[in-house]
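One file, model.tsv, carrying TSV, C-alpha atoms:
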```tsv
chain	number	residue	atom	x	y	z
A	22	GLU	CA	93.50	101.03	87.05
A	23	ASP	CA	93.08	99.96	90.68
A	24	LEU	CA	90.70	102.85	91.40
A	25	ALA	CA	88.66	102.15	88.26
A	26	LEU	CA	88.36	98.51	89.30
A	27	ALA	CA	87.46	99.50	92.85
A	28	TRP	CA	84.66	101.71	91.55
A	29	LYS	CA	83.35	98.90	89.32
A	30	LEU	CA	83.38	96.39	92.19
A	31	ALA	CA	81.65	98.79	94.56
A	32	ARG	CA	78.75	99.88	92.36
A	33	PRO	CA	75.59	97.79	91.88
A	34	VAL	CA	74.65	96.11	88.59
A	35	PRO	CA	74.40	97.34	85.83
A	36	GLU	CA	76.85	100.19	86.57
A	37	GLY	CA	79.20	97.85	88.42
A	38	GLU	CA	79.43	94.32	89.73
A	39	ALA	CA	78.43	94.54	93.41
A	40	GLU	CA	75.52	92.48	94.65
A	41	PRO	CA	72.69	94.56	96.17
A	42	HIS	CA	73.60	93.62	99.75
A	43	GLU	CA	77.25	94.55	99.08
A	44	ALA	CA	76.40	97.92	97.56
A	45	GLU	CA	74.14	98.76	100.54
A	46	ASP	CA	76.78	97.91	103.18
A	47	PRO	CA	77.74	101.17	104.99
A	48	ARG	CA	81.42	100.17	104.88
A	49	MET	CA	81.19	99.80	101.13
A	50	GLY	CA	79.48	103.19	100.96
A	51	MET	CA	82.42	104.82	102.73
A	52	GLN	CA	84.98	103.21	100.42
A	53	THR	CA	82.90	104.04	97.35
A	54	ALA	CA	82.73	107.70	98.37
A	55	LEU	CA	86.52	107.82	98.74
A	56	VAL	CA	87.07	106.13	95.37
A	57	ALA	CA	84.56	108.49	93.74
A	58	ALA	CA	86.46	111.49	95.08
A	59	MET	CA	89.84	110.15	94.00
A	60	THR	CA	88.64	109.33	90.48
A	61	GLY	CA	87.00	112.68	89.76
A	62	ARG	CA	83.41	111.49	90.24
A	63	TRP	CA	82.68	114.54	92.35
A	64	ARG	CA	78.89	114.56	92.06
A	65	GLU	CA	78.71	110.89	93.11
A	66	ALA	CA	81.16	111.53	95.95
A	67	GLU	CA	79.05	114.40	97.26
A	68	GLU	CA	75.84	112.36	97.07
A	69	LEU	CA	77.43	109.37	98.81
A	70	GLY	CA	78.94	111.62	101.48
A	71	GLN	CA	75.59	113.21	102.25
A	72	CYS	CA	74.11	109.74	102.87
A	73	MET	CA	76.78	108.82	105.41
A	74	PRO	CA	76.25	109.37	109.16
A	75	HIS	CA	78.18	112.19	110.79
A	76	GLY	CA	81.55	111.05	112.04
A	77	PHE	CA	85.05	110.34	110.82
A	78	ALA	CA	84.07	108.43	107.66
A	79	ARG	CA	81.99	111.34	106.40
A	80	ALA	CA	84.62	113.93	107.38
A	81	HIS	CA	87.34	111.85	105.72
A	82	ALA	CA	85.37	111.57	102.47
A	83	SER	CA	84.68	115.33	102.48
A	84	ALA	CA	88.37	116.13	102.95
A	85	VAL	CA	89.49	113.77	100.19
A	86	LEU	CA	86.86	115.23	97.87
A	87	ALA	CA	88.02	118.79	98.58
A	88	GLU	CA	91.64	117.74	98.13
A	89	SER	CA	90.89	116.17	94.74
A	90	ARG	CA	89.16	119.40	93.65
A	91	GLU	CA	91.90	121.73	94.88
A	92	GLY	CA	92.44	124.37	92.22
A	93	ARG	CA	89.01	123.64	90.73
A	94	GLY	CA	86.77	125.59	93.06
A	95	THR	CA	88.40	124.51	96.34
A	96	ASN	CA	91.29	126.40	97.97
A	97	THR	CA	94.02	125.14	100.27
A	98	ALA	CA	92.48	126.76	103.34
A	99	GLU	CA	89.25	124.81	102.77
A	100	VAL	CA	91.17	121.56	102.42
A	101	GLN	CA	93.03	122.26	105.66
A	102	ARG	CA	89.76	123.10	107.47
A	103	LEU	CA	88.17	119.82	106.40
A	104	TRP	CA	91.18	117.76	107.46
A	105	GLN	CA	91.09	119.55	110.82
A	106	GLU	CA	87.43	118.56	111.17
A	107	ALA	CA	88.37	114.97	110.38
A	108	TRP	CA	91.04	115.11	113.10
A	109	GLU	CA	88.55	116.44	115.64
A	110	VAL	CA	86.05	113.61	115.08
A	111	ALA	CA	88.63	110.82	114.72
A	112	GLY	CA	87.85	108.12	117.26
A	113	THR	CA	90.84	105.80	116.91
A	114	GLU	CA	94.58	106.23	116.55
A	115	SER	CA	94.41	104.96	112.97
A	116	GLU	CA	91.79	107.58	112.13
A	117	GLN	CA	93.91	110.25	113.81
A	118	PHE	CA	96.95	109.23	111.77
A	119	THR	CA	94.91	109.40	108.55
A	120	ALA	CA	93.70	112.89	109.43
A	121	ALA	CA	97.22	113.97	110.43
A	122	ALA	CA	98.54	112.77	107.07
A	123	GLY	CA	95.91	114.90	105.36
A	124	LEU	CA	96.84	117.92	107.46
A	125	ALA	CA	100.53	117.45	106.72
A	126	SER	CA	100.05	117.08	102.96
A	127	SER	CA	97.94	120.25	102.89
A	128	GLY	CA	100.64	122.25	104.69
A	129	ALA	CA	98.56	122.80	107.82
A	130	ASP	CA	99.85	123.07	111.39
A	131	LEU	CA	99.93	119.64	112.99
A	132	PRO	CA	98.53	118.90	116.45
A	133	ASP	CA	100.68	117.04	118.98
A	134	LEU	CA	101.22	113.53	117.56
A	135	SER	CA	103.46	112.11	120.28
A	136	HIS	CA	100.78	109.68	121.43
A	137	LEU	CA	100.79	108.10	117.96
A	138	GLU	CA	104.51	107.28	117.99
A	139	PRO	CA	104.20	103.92	119.82
A	140	LEU	CA	101.87	102.64	117.08
A	141	PHE	CA	103.25	104.35	113.96
A	142	GLY	CA	106.91	104.87	114.88
A	143	GLU	CA	109.04	106.87	112.46
A	144	ARG	CA	106.05	107.55	110.19
A	145	VAL	CA	104.97	110.22	112.69
A	146	GLY	CA	108.31	111.99	112.30
A	147	GLU	CA	107.93	111.83	108.51
A	148	LEU	CA	104.55	113.56	108.74
A	149	GLU	CA	106.02	116.29	110.92
A	150	LEU	CA	108.88	116.80	108.48
A	151	LEU	CA	106.44	116.97	105.57
A	152	ALA	CA	104.28	119.51	107.36
A	153	ARG	CA	107.28	121.72	108.12
A	154	ALA	CA	108.45	121.55	104.50
A	155	LEU	CA	105.06	122.55	103.13
A	156	HIS	CA	104.38	125.15	105.82
A	157	ALA	CA	107.31	127.36	104.81
A	158	GLU	CA	106.17	130.77	103.60
A	159	GLY	CA	106.90	132.37	100.26
A	160	SER	CA	107.56	129.20	98.27
A	161	ASP	CA	105.65	127.08	95.81
A	162	PRO	CA	104.63	123.71	97.36
A	163	LEU	CA	105.95	121.74	94.38
A	164	SER	CA	109.31	123.52	94.56
A	165	LEU	CA	109.49	122.85	98.29
A	166	LEU	CA	108.72	119.18	97.84
A	167	ARG	CA	111.22	118.74	95.01
A	168	ALA	CA	113.90	120.41	97.13
A	169	ASN	CA	113.25	118.10	100.08
A	170	VAL	CA	112.77	114.66	98.49
A	171	THR	CA	116.08	113.47	99.93
A	172	ARG	CA	114.88	114.18	103.47
A	173	SER	CA	112.02	111.69	103.75
A	174	PRO	CA	110.08	109.05	101.74
A	175	ALA	CA	106.90	110.81	102.89
A	176	ILE	CA	107.94	113.90	100.94
A	177	VAL	CA	108.51	111.74	97.85
A	178	VAL	CA	104.96	110.42	98.18
A	179	ALA	CA	103.57	113.92	98.71
A	180	LEU	CA	105.36	115.17	95.58
A	181	ALA	CA	103.95	112.27	93.56
A	182	GLU	CA	100.45	112.98	94.89
A	183	ARG	CA	100.72	116.60	93.80
A	184	TYR	CA	101.79	115.58	90.30
A	185	HIS	CA	98.98	113.03	90.16
A	186	ARG	CA	96.33	115.53	91.22
A	187	ALA	CA	97.61	117.88	88.52
A	188	GLY	CA	97.01	115.12	85.97
A	189	ASP	CA	100.68	114.29	85.27
A	190	ILE	CA	100.59	110.59	86.11
A	191	ALA	CA	103.85	109.73	84.33
A	192	LEU	CA	105.75	112.43	86.27
A	193	ALA	CA	104.24	111.15	89.53
A	194	ALA	CA	105.44	107.64	88.67
A	195	GLU	CA	108.91	108.90	87.84
A	196	ALA	CA	109.10	110.78	91.15
A	197	LEU	CA	108.28	107.58	93.03
A	198	ARG	CA	110.73	105.51	91.00
A	199	ASP	CA	113.54	108.01	91.58
A	200	GLY	CA	112.62	108.29	95.24
A	201	SER	CA	112.76	104.54	95.59
A	202	ALA	CA	116.30	104.51	94.25
A	203	GLU	CA	117.23	107.32	96.66
A	204	TRP	CA	115.78	105.57	99.70
A	205	ASN	CA	116.11	101.93	98.60
A	206	ASP	CA	112.40	101.64	99.31
A	207	ALA	CA	110.47	98.80	97.67
A	208	ARG	CA	107.17	100.36	98.68
A	209	LEU	CA	107.90	103.47	96.61
A	210	MET	CA	108.93	101.31	93.65
A	211	ALA	CA	105.69	99.36	93.94
A	212	MET	CA	103.71	102.60	93.93
A	213	ALA	CA	105.65	103.70	90.84
A	214	ALA	CA	104.72	100.44	89.12
A	215	GLY	CA	101.05	101.09	89.83
A	216	LEU	CA	101.17	104.61	88.43
A	217	PHE	CA	103.08	103.56	85.32
A	218	LEU	CA	100.34	100.99	84.77
A	219	GLU	CA	97.72	103.72	85.21
A	220	ALA	CA	99.60	105.77	82.60
A	221	LYS	CA	99.54	102.71	80.31
A	222	ASP	CA	103.33	102.56	80.20
A	223	HIS	CA	103.31	98.79	80.52
A	224	ARG	CA	107.03	98.29	79.99
A	225	GLN	CA	107.96	100.67	82.82
A	226	ALA	CA	105.23	99.21	85.02
A	227	GLY	CA	106.65	95.72	84.57
A	228	GLU	CA	110.21	96.83	85.17
A	229	CYS	CA	109.27	98.66	88.37
A	230	ALA	CA	107.26	95.67	89.62
A	231	GLN	CA	110.21	93.34	89.02
A	232	GLU	CA	112.56	95.78	90.74
A	233	ALA	CA	110.22	96.08	93.74
A	234	LEU	CA	110.19	92.29	94.07
A	235	ARG	CA	113.99	92.18	93.87
A	236	MET	CA	114.41	94.96	96.45
A	237	ALA	CA	111.93	93.54	98.95
A	238	GLY	CA	112.96	89.89	98.88
A	239	PRO	CA	110.95	86.66	99.05
A	240	ARG	CA	109.10	87.33	102.33
A	241	TRP	CA	107.59	90.65	101.27
A	242	ALA	CA	103.86	90.99	101.93
A	243	GLY	CA	103.46	93.01	98.73
A	244	GLN	CA	104.51	90.19	96.40
A	245	GLY	CA	100.96	89.31	95.43
A	246	ARG	CA	100.15	92.87	94.35
A	247	MET	CA	103.27	93.03	92.20
A	248	TYR	CA	102.67	89.69	90.51
A	249	ALA	CA	99.07	90.71	89.83
A	250	LEU	CA	100.35	93.94	88.30
A	251	LEU	CA	102.83	91.96	86.19
A	252	VAL	CA	100.00	89.79	84.86
A	253	GLU	CA	98.14	92.90	83.72
A	254	ALA	CA	101.18	94.74	82.33
A	255	GLU	CA	102.63	91.79	80.42
A	256	ALA	CA	99.24	90.77	79.01
A	257	ALA	CA	98.54	94.35	77.90
A	258	ASP	CA	101.75	94.27	75.85
A	259	GLY	CA	100.91	90.85	74.38
A	260	ARG	CA	103.55	88.96	76.38
A	261	TYR	CA	101.13	86.28	77.49
A	262	ASP	CA	103.85	83.75	78.35
A	263	ARG	CA	105.29	86.18	80.92
A	264	ALA	CA	101.81	87.00	82.17
A	265	THR	CA	101.22	83.26	82.65
A	266	ASP	CA	104.43	82.93	84.68
A	267	ALA	CA	103.34	85.80	86.93
A	268	ALA	CA	99.89	84.22	87.41
A	269	LEU	CA	101.51	80.92	88.36
A	270	ARG	CA	103.65	82.70	90.95
A	271	LEU	CA	100.48	84.29	92.35
A	272	LEU	CA	98.96	80.85	92.83
A	273	GLU	CA	102.13	79.59	94.49
A	274	LEU	CA	101.71	82.34	97.07
A	275	ASP	CA	98.07	81.39	97.70
A	276	PRO	CA	96.50	78.39	95.94
A	277	LEU	CA	93.06	79.56	97.14
A	278	ASP	CA	93.37	83.03	95.59
A	279	ILE	CA	90.41	83.22	93.19
A	280	ASP	CA	91.75	86.35	91.50
A	281	ALA	CA	95.02	84.56	90.76
A	282	ARG	CA	93.25	81.51	89.40
A	283	TRP	CA	91.10	83.58	87.08
A	284	ALA	CA	94.22	85.44	85.94
A	285	LEU	CA	95.83	82.12	85.03
A	286	VAL	CA	92.69	80.96	83.22
A	287	LYS	CA	92.64	84.13	81.14
A	288	CYS	CA	96.35	83.88	80.31
A	289	TYR	CA	96.01	80.30	79.08
A	290	ALA	CA	92.92	81.22	77.05
A	291	LEU	CA	94.70	84.16	75.42
A	292	ARG	CA	97.50	81.79	74.39
A	293	GLY	CA	95.01	79.34	72.91
A	294	LEU	CA	95.78	76.71	75.57
A	295	LEU	CA	92.12	75.95	76.20
A	296	ASP	CA	92.60	72.56	77.86
A	297	LEU	CA	94.99	74.11	80.39
A	298	ALA	CA	92.58	77.01	80.89
A	299	TRP	CA	89.74	74.61	81.73
A	300	GLN	CA	92.04	72.61	83.99
A	301	ALA	CA	92.98	75.78	85.87
A	302	LEU	CA	89.32	76.79	86.13
A	303	THR	CA	88.27	73.46	87.64
A	304	THR	CA	91.30	72.76	89.89
A	305	GLY	CA	90.31	72.66	93.53
A	306	GLY	CA	86.61	72.52	92.80
A	307	GLN	CA	86.19	68.74	92.57
A	308	GLY	CA	85.88	69.09	88.82
A	309	GLN	CA	83.39	71.96	89.02
A	310	PRO	CA	84.52	75.27	87.52
A	311	LEU	CA	84.80	78.43	89.59
A	312	ASP	CA	81.75	80.65	89.31
A	313	PRO	CA	82.34	83.73	87.12
A	314	ARG	CA	82.12	87.14	88.76
A	315	SER	CA	81.82	89.46	85.77
A	316	SER	CA	80.42	89.50	82.25
A	317	ASP	CA	83.87	88.87	80.76
A	318	GLU	CA	84.46	85.91	83.06
A	319	THR	CA	81.00	84.57	82.22
A	320	ALA	CA	81.77	84.65	78.49
A	321	LEU	CA	85.07	82.83	79.06
A	322	TRP	CA	83.45	80.34	81.48
A	323	VAL	CA	80.82	79.38	78.91
A	324	MET	CA	83.29	79.19	76.02
A	325	LEU	CA	85.61	76.85	77.94
A	326	GLY	CA	82.80	74.80	79.47
A	327	ALA	CA	80.97	74.37	76.18
A	328	ARG	CA	84.14	72.76	74.86
A	329	SER	CA	85.26	70.73	77.87
A	330	SER	CA	82.55	70.20	80.51
A	331	VAL	CA	81.09	66.69	80.81
A	332	ASP	CA	78.22	67.92	83.00
A	333	PRO	CA	74.94	67.05	81.19
A	334	HIS	CA	73.35	70.06	82.91
A	335	PHE	CA	76.07	72.50	81.85
A	336	THR	CA	73.77	74.31	79.39
A	337	GLY	CA	71.20	75.00	82.09
A	338	ARG	CA	73.86	76.28	84.46
A	339	ALA	CA	75.27	78.55	81.76
A	340	LEU	CA	71.87	80.02	80.94
A	341	ALA	CA	71.16	80.61	84.64
A	342	LEU	CA	74.49	82.40	85.15
A	343	THR	CA	73.87	84.60	82.13
A	344	GLN	CA	70.61	85.94	83.60
A	345	ARG	CA	72.61	88.45	85.61
A	346	TRP	CA	73.60	90.15	82.35
A	347	ARG	CA	70.46	89.40	80.33
A	348	ASP	CA	70.42	92.98	78.96
A	349	ASP	CA	73.90	92.58	77.46
A	350	SER	CA	73.00	91.46	73.94
A	351	ASP	CA	76.60	90.76	72.92
A	352	LEU	CA	77.34	88.58	75.95
A	353	VAL	CA	74.09	86.61	75.73
A	354	GLY	CA	74.62	86.17	71.99
A	355	LYS	CA	78.11	84.74	72.56
A	356	VAL	CA	76.76	82.41	75.24
A	357	LEU	CA	74.01	81.11	72.96
A	358	ALA	CA	76.46	80.61	70.08
A	359	ASN	CA	78.73	78.52	72.30
A	360	LEU	CA	75.84	76.50	73.70
A	361	HIS	CA	74.46	75.73	70.22
A	362	TRP	CA	77.93	74.61	69.14
A	363	ARG	CA	78.06	72.31	72.16
A	364	ALA	CA	74.59	70.94	71.42
A	365	VAL	CA	75.68	69.46	68.08
A	366	GLN	CA	78.88	67.83	69.35
A	367	PRO	CA	78.34	64.04	69.45
A	368	ALA	CA	80.78	63.55	72.32
A	369	LEU	CA	79.06	66.05	74.64
A	370	SER	CA	75.77	65.23	76.34
A	371	LEU	CA	72.75	67.54	76.64
A	372	SER	CA	69.81	66.70	78.87
A	373	GLU	CA	66.32	66.99	77.42
A	374	HIS	CA	65.44	69.70	79.93
A	375	ASP	CA	68.54	71.71	79.03
A	376	GLY	CA	67.75	71.35	75.35
A	377	GLU	CA	64.30	72.82	75.91
A	378	GLN	CA	65.79	75.66	77.97
A	379	LEU	CA	68.20	76.44	75.13
A	380	ARG	CA	65.42	76.55	72.55
A	381	THR	CA	63.34	78.83	74.75
A	382	ALA	CA	66.27	81.17	75.49
A	383	THR	CA	67.17	81.29	71.79
A	384	ALA	CA	63.65	82.23	70.71
A	385	ALA	CA	63.46	84.93	73.40
A	386	TYR	CA	66.82	86.37	72.35
A	387	LEU	CA	65.99	86.48	68.64
A	388	GLU	CA	62.70	88.21	69.38
A	389	ARG	CA	64.33	90.75	71.72
A	390	PHE	CA	67.50	91.41	69.69
A	391	PRO	CA	66.56	90.79	66.03
A	392	ASP	CA	69.39	92.99	64.75
A	393	SER	CA	72.17	91.37	66.79
A	394	THR	CA	75.44	90.96	64.90
A	395	VAL	CA	76.66	88.34	67.38
A	396	PHE	CA	73.87	85.73	67.14
A	397	ARG	CA	71.04	85.77	64.63
A	398	ALA	CA	68.72	83.47	62.72
A	399	VAL	CA	69.67	82.96	59.08
A	400	GLN	CA	67.17	81.73	56.52
A	401	ILE	CA	68.59	79.03	54.24
A	402	GLY	CA	67.26	78.47	50.76
A	403	PRO	CA	64.98	80.51	48.50
```
Could you write out this structure as structure tokens?
Amino acid sequence: EDLALAWKLARPVPEGEAEPHEAEDPRMGMQTALVAAMTGRWREAEELGQCMPHGFARAHASAVLAESREGRGTNTAEVQRLWQEAWEVAGTESEQFTAAAGLASSGADLPDLSHLEPLFGERVGELELLARALHAEGSDPLSLLRANVTRSPAIVVALAERYHRAGDIALAAEALRDGSAEWNDARLMAMAAGLFLEAKDHRQAGECAQEALRMAGPRWAGQGRMYALLVEAEAADGRYDRATDAALRLLELDPLDIDARWALVKCYALRGLLDLAWQALTTGGQGQPLDPRSSDETALWVMLGARSSVDPHFTGRALALTQRWRDDSDLVGKVLANLHWRAVQPALSLSEHDGEQLRTATAAYLERFPDSTVFRAVQIGP
């Protein structure tokens, strides 16, 4: 789920939701290439990689792509070679550690990592242990990893990654959950929660998220991620009251978190608590609602505002926001339906200019989408 969202946020409209200047940022290009490789979008990953300048980012993307395709036209030796190239062009200690992790997980010989110990501590020793476990001759890597999961959390993660690459997401999540119990490691439990969510096992995802929060305690930096996961898992199973509680906890952690506020808005709306949804949407904005960031948020923004906004120019603002998705006939139809409902409410004001804009937008929509099932003109009478 996280990777699918990352891809959506990184790609330009209409494929995704990134603004043109965001999609063209070289840093975004690097992250998009990595996400493409990890989500099986191999052609896109190759194209993005070819557009990147030579250096660690490009070598890293190539290695991740080869790793994701291992067994599908790429062999282990090729994966090891590409991680070695990434190591050779790494310019910082963080880049070197990333490359070393790739080398270790592919079973390659590790270079001397002693200079990384002051920055990464025991994680360096875990990589060396993982590399030794996978470098043993005459054994299947999965068997080796399963036999050594009690020796290091890094081996637990490597085992889960192998399962995940093989397409067995549920087994990867179970490996992380069991490893967390073995090592009393909240990070592993949090990773298990994310994979159970990816596998659409919402009950297990919620249970693992709650357990990770319990294990880590109140000062854990990962709280926000777990509460966000709980919002998604509980809402997916129709437990909107629990999803609301998780969204409220997110906002307690950071009242300025826009993602958390939108999560709360959506939870209230799903429960039919539209006044509270509008209140959550406008809190902190001096009465002005947060701007929507996606087509779904735009539809919800207009539906709530059409009912509750006292801004006489609300209709014009709504029509302007909708221009970003003007080719989405369903969204624009829903927006127009809500705005026409608002226009006939005696308690809600509509400026003359906004009224003219609404008539013009309506005529253009009906001409462009005459067969729309969401919003259409109906002739009354004989």
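Proximity ranking of A:Ala320, A:Leu297, A:Leu342, A:Val145 relative to Lys355 in chain A places A:Ala320 first, based on all atoms listed in the file.
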Please identify every residue of range 296-331 of chain A that has at least one atom no farther than 12 Å from an atom of range 362-370 of chain A, counting all atoms listed in the file, and for each give the shortest atom pair and the distance in Å to one decimal, arranged by chain then increasing number, as a Markdown table.
```
| residue | atom | partner | partner_atom | distance |
| --- | --- | --- | --- | --- |
| A:Val323 | CA | A:Arg363 | CA | 10.2 |
| A:Met324 | CA | A:Arg363 | CA | 9.5 |
| A:Leu325 | CA | A:Arg363 | CA | 10.5 |
| A:Gly326 | CA | A:Arg363 | CA | 9.1 |
| A:Ala327 | CA | A:Arg363 | CA | 5.4 |
| A:Arg328 | CA | A:Arg363 | CA | 6.7 |
| A:Ser329 | CA | A:Leu369 | CA | 8.4 |
| A:Ser330 | CA | A:Leu369 | CA | 8.0 |
| A:Val331 | CA | A:Leu369 | CA | 6.5 |
```
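For the residues A:Lys287, A:Glu318, A:Leu274, A:Ala120, ranking by smallest atom-to-atom distance to Ala256 in chain A using only C-alpha atoms places A:Lys287 first.
Between CA of Leu216 in chain A and CA of Leu180 in chain A the interatomic distance comes to 13.4 Å.
Surrounding residues of (92.6, 122.8, 106.4) at most 9 Å away are Ala84, Thr97, Ala98, Glu99, Val100, Gln101, Arg102, Leu103, Trp104, Gln105, Glu106, Gly123, Leu124, Ser127, Gly128, Ala129 and Asp130 of chain A (based on only C-alpha atoms).
Interatomic distance, CA of Arg260 in chain A to CA of Met247 in chain A: 16.3 Å.
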Of A:Ala122, A:Ala187, A:Ala220, A:Ala80, the one nearest to Ala175 in chain A when counting only C-alpha atoms is A:Ala122
Identify which of the residues A:Ala78, A:Ala398, A:Ala168, A:Ala194 lies closest to Ala384 in chain A, counting all atoms listed in the file when measuring atom-to-atom distances.
A:Ala398
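Distance annotation: of A:Ser316, A:Ser89, A:Asp206, A:Lys221, the residue with the minimal separation from Gly238 in chain A is A:Asp206; atom set is only C-alpha atoms.
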When you look at Leu250 in chain A with a cut-off of 9 Å (counting all atoms listed in the file), what residues show up, excluding the ones that are within fewer than 3 positions of it in the same chain? I need them as a VMD selection string.
chain A and resid 214 to 215 218 226 to 227 230 245 to 247 253 to 255 267
Tell me which of A:Arg208, A:His75, A:Arg224, A:Arg167 sits closest to Gly243 in chain A, counting only C-alpha atoms.
A:Arg208
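Going from CA of Pro174 in chain A over to CA of Gly200 in chain A, you cover 7.0 Å.
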Skip range 115-119 of chain A itself and residues of its chain fewer than 3 positions away, then list as an NGL selection string all residues within 9 Å of it, counting only C-alpha atoms.
:A and (77-78 or 81 or 107-112 or 122-124 or 134 or 137 or 140-141 or 145)
Ile176 in chain A surroundings by all atoms listed in the file, 7 Å radius, close-in-sequence under 5 positions cut, as a ChimeraX atom specification:
/A:151,166,169-170
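Within 12 Å of Asp392 in chain A, once only C-alpha atoms are used and residues closer than 5 positions along the same chain are dropped, the contacting residues are A:Ser350, A:Asp351, A:Gly354, A:Tyr386, A:Leu387, A:Arg397, A:Ala398, A:Val399.
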Can those selected residues be exported to a file as a PDB file, keeping the file's coordinate frame so that it contains C-alpha atoms?
```pdb
ATOM      1  CA  SER A 350      73.000  91.460  73.940  1.00  0.00           C
ATOM      2  CA  ASP A 351      76.600  90.760  72.920  1.00  0.00           C
ATOM      3  CA  GLY A 354      74.620  86.170  71.990  1.00  0.00           C
ATOM      4  CA  TYR A 386      66.820  86.370  72.350  1.00  0.00           C
ATOM      5  CA  LEU A 387      65.990  86.480  68.640  1.00  0.00           C
ATOM      6  CA  ARG A 397      71.040  85.770  64.630  1.00  0.00           C
ATOM      7  CA  ALA A 398      68.720  83.470  62.720  1.00  0.00           C
ATOM      8  CA  VAL A 399      69.670  82.960  59.080  1.00  0.00           C
TER       9      VAL A 399
END
```
